[in-house]
Structures are given as structure tokens and as C-alpha cells.
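To be precise, the following lines are model04.csv, and they hold CSV, C-alpha atoms and all ligand atoms.
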```
chain,number,residue,atom,x,y,z
A,13,MET,CA,15.6,5.3,166.2
A,14,ASN,CA,19.1,6.3,165.2
A,15,ASN,CA,21.0,8.4,167.7
A,16,ASP,CA,22.1,10.9,165.1
A,17,ASP,CA,18.6,11.3,163.8
A,18,SER,CA,16.7,11.3,167.1
A,19,MET,CA,16.2,15.0,167.2
A,20,CYS,CA,14.6,15.0,163.8
A,21,GLU,CA,11.0,14.1,163.6
A,22,ARG,CA,10.7,13.6,159.9
A,23,LEU,CA,13.4,10.9,160.1
A,24,THR,CA,11.6,8.7,162.6
A,25,ASN,CA,9.7,7.1,159.7
A,26,MET,CA,12.4,7.3,157.0
A,27,GLN,CA,13.6,4.1,155.3
A,28,THR,CA,16.5,3.9,152.9
A,29,ALA,CA,15.3,2.1,149.8
A,30,TRP,CA,16.2,0.8,146.4
A,31,SER,CA,14.4,1.0,143.1
A,32,GLU,CA,14.8,-1.2,140.0
A,33,ALA,CA,14.6,2.0,138.0
A,34,THR,CA,18.0,3.1,139.3
A,35,PRO,CA,20.4,0.3,140.0
A,36,GLY,CA,23.0,1.1,142.7
A,37,GLU,CA,21.3,4.3,143.8
A,38,THR,CA,20.1,4.5,147.5
A,39,HIS,CA,16.9,6.5,147.9
A,40,ALA,CA,14.6,7.3,150.9
A,41,THR,CA,11.0,6.4,151.3
A,42,TRP,CA,8.3,7.3,153.8
A,43,SER,CA,5.5,5.3,152.3
A,44,GLY,CA,7.4,2.1,151.6
A,45,HIS,CA,6.0,2.0,148.1
A,46,LEU,CA,7.5,5.1,146.4
A,47,THR,CA,10.8,6.8,147.0
A,48,ALA,CA,10.8,10.5,147.8
A,49,CYS,CA,11.8,11.1,144.2
A,50,GLY,CA,8.8,9.1,143.0
A,51,LYS,CA,10.3,5.7,142.0
A,52,PRO,CA,8.8,2.4,142.9
A,53,VAL,CA,10.5,0.7,145.8
A,54,ILE,CA,11.7,-2.9,145.5
A,55,GLU,CA,13.5,-3.2,148.8
A,56,ALA,CA,13.8,-1.0,151.9
A,57,LYS,CA,15.8,-1.2,155.1
A,58,PRO,CA,14.1,-1.1,158.5
A,59,VAL,CA,13.8,2.4,160.0
A,60,TYR,CA,16.3,1.7,162.8
A,61,ASP,CA,18.9,0.8,160.2
A,62,SER,CA,18.2,3.7,157.8
A,63,HIS,CA,20.6,6.7,157.9
A,64,PRO,CA,20.6,9.8,155.8
A,65,ARG,CA,24.3,9.3,155.2
A,66,ASP,CA,23.6,6.2,153.2
A,67,ILE,CA,21.3,8.0,150.7
A,68,THR,CA,23.0,8.7,147.3
A,69,CYS,CA,20.0,10.1,145.4
A,70,ALA,CA,20.2,13.9,145.8
A,71,GLU,CA,16.5,14.4,145.6
A,72,CYS,CA,15.7,11.9,148.3
A,73,GLY,CA,18.7,13.2,150.3
A,74,GLY,CA,17.3,16.7,150.2
A,75,THR,CA,13.9,15.6,151.4
A,76,ALA,CA,15.5,13.6,154.3
A,77,VAL,CA,17.9,16.2,155.7
A,78,PHE,CA,15.8,19.4,155.2
A,79,ASP,CA,12.3,20.2,156.1
A,80,LEU,CA,10.7,21.2,152.7
A,81,GLU,CA,7.4,22.2,154.3
A,82,THR,CA,9.2,24.8,156.4
A,83,ALA,CA,11.0,26.0,153.3
A,84,ARG,CA,7.7,26.4,151.4
A,85,THR,CA,6.3,28.4,154.3
A,86,TRP,CA,9.2,30.7,154.4
A,87,ALA,CA,9.2,31.2,150.7
A,88,ARG,CA,5.5,32.0,150.9
A,89,VAL,CA,6.2,34.9,153.2
A,90,ILE,CA,8.2,36.5,150.4
A,91,THR,CA,5.8,35.7,147.5
A,92,ASP,CA,2.7,36.8,149.5
A,93,THR,CA,3.8,40.4,149.5
A,94,TYR,CA,4.1,40.2,145.7
A,95,GLU,CA,0.7,38.5,145.4
A,96,VAL,CA,-1.0,41.1,147.5
A,97,SER,CA,0.5,44.0,145.5
A,98,GLY,CA,-0.7,42.2,142.3
A,99,ARG,CA,2.8,41.8,140.8
A,100,LEU,CA,2.5,38.0,140.9
A,101,SER,CA,-0.5,35.7,140.3
A,102,LEU,CA,-1.4,33.0,142.8
A,103,LEU,CA,-0.3,30.3,140.4
A,104,ASP,CA,3.0,32.0,139.4
A,105,ALA,CA,3.8,32.5,143.1
A,106,TYR,CA,3.1,28.8,143.8
A,107,ASP,CA,5.2,27.7,140.8
A,108,LEU,CA,8.1,29.9,141.9
A,109,ARG,CA,8.1,28.5,145.4
A,110,GLU,CA,7.9,24.9,144.2
A,111,THR,CA,10.7,25.4,141.7
A,112,ALA,CA,12.9,27.1,144.3
A,113,VAL,CA,12.3,24.3,146.9
A,114,THR,CA,12.5,21.3,144.6
A,115,SER,CA,15.6,22.6,142.7
A,116,LEU,CA,17.5,23.9,145.7
A,117,ALA,CA,17.0,20.9,148.0
A,118,PRO,CA,19.0,18.3,146.0
A,119,LYS,CA,21.7,20.9,145.2
A,120,ALA,CA,22.0,22.0,148.8
A,121,PHE,CA,22.2,18.3,149.9
A,122,VAL,CA,25.1,17.6,147.5
A,123,GLN,CA,26.9,20.8,148.6
A,124,ARG,CA,26.4,20.0,152.3
A,125,ARG,CA,27.7,16.5,151.7
A,126,GLU,CA,30.8,18.0,150.0
A,127,GLY,CA,31.3,20.1,153.1
A,128,ASP,CA,30.2,23.5,151.8
A,129,SER,CA,29.2,26.1,154.3
A,130,TRP,CA,25.7,27.7,154.1
A,131,ASN,CA,27.4,30.9,153.3
A,132,ALA,CA,29.1,29.4,150.3
A,133,ILE,CA,25.8,27.7,149.2
A,134,SER,CA,23.9,31.1,149.4
A,135,THR,CA,26.7,32.9,147.5
A,136,ASN,CA,26.7,30.2,144.9
A,137,PHE,CA,23.0,30.4,144.4
A,138,LEU,CA,23.0,34.2,144.1
A,139,MET,CA,25.8,34.1,141.5
A,140,SER,CA,24.2,31.3,139.5
A,141,THR,CA,20.9,33.0,139.3
A,142,GLY,CA,22.4,36.4,138.6
A,143,ALA,CA,20.6,37.8,141.7
A,144,ALA,CA,23.9,39.0,143.0
A,145,THR,CA,24.6,41.3,140.1
A,146,GLU,CA,21.3,41.9,138.3
A,147,LYS,CA,19.5,44.9,139.5
A,148,ASP,CA,16.1,44.3,137.9
A,149,GLY,CA,13.1,43.5,140.1
A,150,THR,CA,12.7,39.9,139.0
A,151,SER,CA,16.3,38.8,139.8
A,152,ILE,CA,16.1,40.4,143.2
A,153,PHE,CA,12.8,38.7,143.9
A,154,VAL,CA,14.0,35.3,142.8
A,155,GLY,CA,17.1,35.9,144.9
A,156,ARG,CA,15.0,36.7,148.0
A,157,VAL,CA,12.8,33.6,147.5
A,158,GLY,CA,15.8,31.4,147.1
A,159,LEU,CA,17.6,32.8,150.1
A,160,ALA,CA,14.4,32.3,152.2
A,161,VAL,CA,14.4,28.6,151.1
A,162,LEU,CA,18.1,28.1,151.9
A,163,GLU,CA,17.6,29.8,155.3
A,164,ALA,CA,14.8,27.3,156.1
A,165,PHE,CA,17.0,24.4,155.0
A,166,ARG,CA,19.8,25.6,157.3
A,167,GLU,CA,17.4,26.0,160.2
A,168,SER,CA,15.7,22.6,159.7
A,169,GLU,CA,18.8,20.6,158.7
A,170,TYR,CA,19.2,17.3,160.5
A,171,LYS,CA,22.1,17.3,162.9
A,172,GLY,CA,23.6,13.9,162.1
A,173,GLY,CA,26.5,13.1,159.8
A,174,TYR,CA,26.6,13.2,156.1
A,201,ZN,ZN,15.5,9.2,145.1
```

Serialized structure, C-alpha cells:
Amino acid sequence: MNNDDSMCERLTNMQTAWSEATPGETHATWSGHLTACGKPVIEAKPVYDSHPRDITCAECGGTAVFDLETARTWARVITDTYEVSGRLSLLDAYDLRETAVTSLAPKAFVQRREGDSWNAISTNFLMSTGAATEKDGTSIFVGRVGLAVLEAFRESEYKGGY
């Protein structure tokens, strides 16, 4: 186990990996067969020699450094209230959470690697979705789900170097 990853359970089985589909790109795999972004693995490093800092694929990087399951759970707390009130169907709520988690993880990974603060990342997100300025219910709701996801990423972020 790597020293910088030792506090992070999801990294104890992570291997950096390569795929023929994306020459030169370094991915992460947990199965040894598929990368976290769904590409077939042709070669993988042993776990002890695999570090998040070596990952170049943003999608795999996001999966390695953040806990996406925690983010789904936290987003669910927001969408549940809308489901209960009948303003959102079960399927729409699921789609919204998945979209928020899978689109924000790679973005946040890239931004963290560039040294951005969580504050900057949240502000960026609110500006880009219009949630900071739009006053309609949908924008505010999307903003709340996104912020819950980003908050979960911040809490679950691995503590090693980028
Ligand atoms: Zn990947």
C-alpha cells in the first residue's frame, strides 16, 4: 500500500492501467479488465506501484480521488425531498444525480490537479450552470444537487498528492 493512499480504502485495490483504445493515457482499474471509464485494459501496474498522481484520464482520476458513492448518497438527500413532494419522478431524480456525479467528478479532478480551491470549484460550477444568477426553481435545485456532490467530493477526497 502506498503511504499517501493508506488512509483511503478505495485506493487499496486500485491499479493504474493502460488501454489500447487510448494510447498514452493512464487510467485506473479496480477489476483488472476494464478501466473505471469502461475501456479494456491491456496492461496494469501492481497495486503497490499505482498512484492517483499518475492517472491522466480525468474520468478515472475522479473515480480514484473522490468517493462517488458518498456523492450519490448526499445528492439523494436533496432529490428525495423533491421526489416526496411530487415535483420530480424517481427516474428523473436518479438521472439528475448520476449526471451530477459523473460530470462533476472528472471536472473537479482536473481542477484540483490544477490547484483550484474547493471554493473556486463551487463558484465555477454555480456560474457555469446559471445557478448563481437564475432565480427559477430548476436552477436553484440543480445548484443544490451539484453543491451536495462537490461537498461529498471534498469530504471524501484522498489526501495524497496530485
Ligand atoms: Zn479512464

Once you count all atoms listed in the file, what closest atom pair and distance in Å to one decimal does each residue of chain A within 9 Å of ligand ZN 201 (chain A) have, with rows by chain and rising residue number, as CSV?
```
residue,atom,partner,partner_atom,distance
A:Ala29,CA,A:ZN201,ZN,8.5
A:Trp30,CA,A:ZN201,ZN,8.5
A:Ser31,CA,A:ZN201,ZN,8.5
A:Thr34,CA,A:ZN201,ZN,8.8
A:Glu37,CA,A:ZN201,ZN,7.7
A:Thr38,CA,A:ZN201,ZN,7.0
A:His39,CA,A:ZN201,ZN,4.1
A:Ala40,CA,A:ZN201,ZN,6.2
A:Thr41,CA,A:ZN201,ZN,8.2
A:Thr47,CA,A:ZN201,ZN,5.6
A:Ala48,CA,A:ZN201,ZN,5.6
A:Cys49,CA,A:ZN201,ZN,4.3
A:Gly50,CA,A:ZN201,ZN,7.0
A:Lys51,CA,A:ZN201,ZN,7.0
A:Ile67,CA,A:ZN201,ZN,8.2
A:Thr68,CA,A:ZN201,ZN,7.8
A:Cys69,CA,A:ZN201,ZN,4.6
A:Ala70,CA,A:ZN201,ZN,6.7
A:Glu71,CA,A:ZN201,ZN,5.3
A:Cys72,CA,A:ZN201,ZN,4.2
A:Gly73,CA,A:ZN201,ZN,7.3
```

| task | Between atom CA of A:Thr85 and atom CA of A:Val161, measure the distance and give it in Å to one decimal. | result |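 According to the coordinates, atom CA of A:Thr85 and atom CA of A:Val161 are separated by 8.7 Å.
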
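Each of A:Asn25, A:Thr75, A:Ser151, A:Ser62 was checked against A:Pro118 using all atoms listed in the file; the smallest atom-to-atom distance is that of A:Thr75.
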
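Here atom CA of A:Trp130 is placed at a distance of 25.0 Å from atom CA of A:Ala105.
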
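Computed from the coordinates, the atom CA of A:Thr93 to atom CA of A:Leu159 distance equals 15.8 Å.
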
| task | Might you pull out every residue within 12 Å of A:Glu110, with all atoms listed in the file counted and same-chain residues fewer than 3 positions away left off, and present them as a ChimeraX atom specification? | result | /A:80-81,83-88,91,103-107,113-117,157-158,161

Could the residues in this selection be saved with C-alpha atoms as a CSV table (one decimal), keeping the file's coordinate frame?
```csv
chain,number,residue,atom,x,y,z
A,80,LEU,CA,10.7,21.2,152.7
A,81,GLU,CA,7.4,22.2,154.3
A,83,ALA,CA,11.0,26.0,153.3
A,84,ARG,CA,7.7,26.4,151.4
A,85,THR,CA,6.3,28.4,154.3
A,86,TRP,CA,9.2,30.7,154.4
A,87,ALA,CA,9.2,31.2,150.7
A,88,ARG,CA,5.5,32.0,150.9
A,91,THR,CA,5.8,35.7,147.5
A,103,LEU,CA,-0.3,30.3,140.4
A,104,ASP,CA,3.0,32.0,139.4
A,105,ALA,CA,3.8,32.5,143.1
A,106,TYR,CA,3.1,28.8,143.8
A,107,ASP,CA,5.2,27.7,140.8
A,113,VAL,CA,12.3,24.3,146.9
A,114,THR,CA,12.5,21.3,144.6
A,115,SER,CA,15.6,22.6,142.7
A,116,LEU,CA,17.5,23.9,145.7
A,117,ALA,CA,17.0,20.9,148.0
A,157,VAL,CA,12.8,33.6,147.5
A,158,GLY,CA,15.8,31.4,147.1
A,161,VAL,CA,14.4,28.6,151.1
```

| request: Determine the nearest neighbour of A:Arg124 from the options A:Glu55, A:Gln27, A:Ala33, A:Val77, counting only C-alpha atoms. | output: A:Val77

| note | Counting all atoms listed in the file, closest pick from A:Ala112, A:Phe153, A:Thr135, A:Thr82 relative to A:Phe165 is A:Thr82

| message | Under the rule that only C-alpha atoms are counted, which of A:Asp79, A:Glu21, A:Asp66, A:Asp92 is the nearest residue to A:Tyr174? | response | A:Asp66

| field | Among listed residues A:Phe78, A:Tyr94, A:Trp42, A:Tyr60, nearest A:Ala164 (using all atoms listed in the file) | value | A:Phe78

| request: Between A:Gly74, A:Gly98, A:Gly142, A:Gly149, single out the one closest to A:Phe121, counting all atoms listed in the file. | output: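 Checking each of A:Gly74, A:Gly98, A:Gly142, A:Gly149 against A:Phe121, counting all atoms listed in the file, the winner is A:Gly74.
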
| Contacts of A:Ile133 at 9 Å (only C-alpha atoms; same-chain gap of 2+ positions) as number ranges by chain | A: 119-120, 123-124, 128-131, 135-138, 162
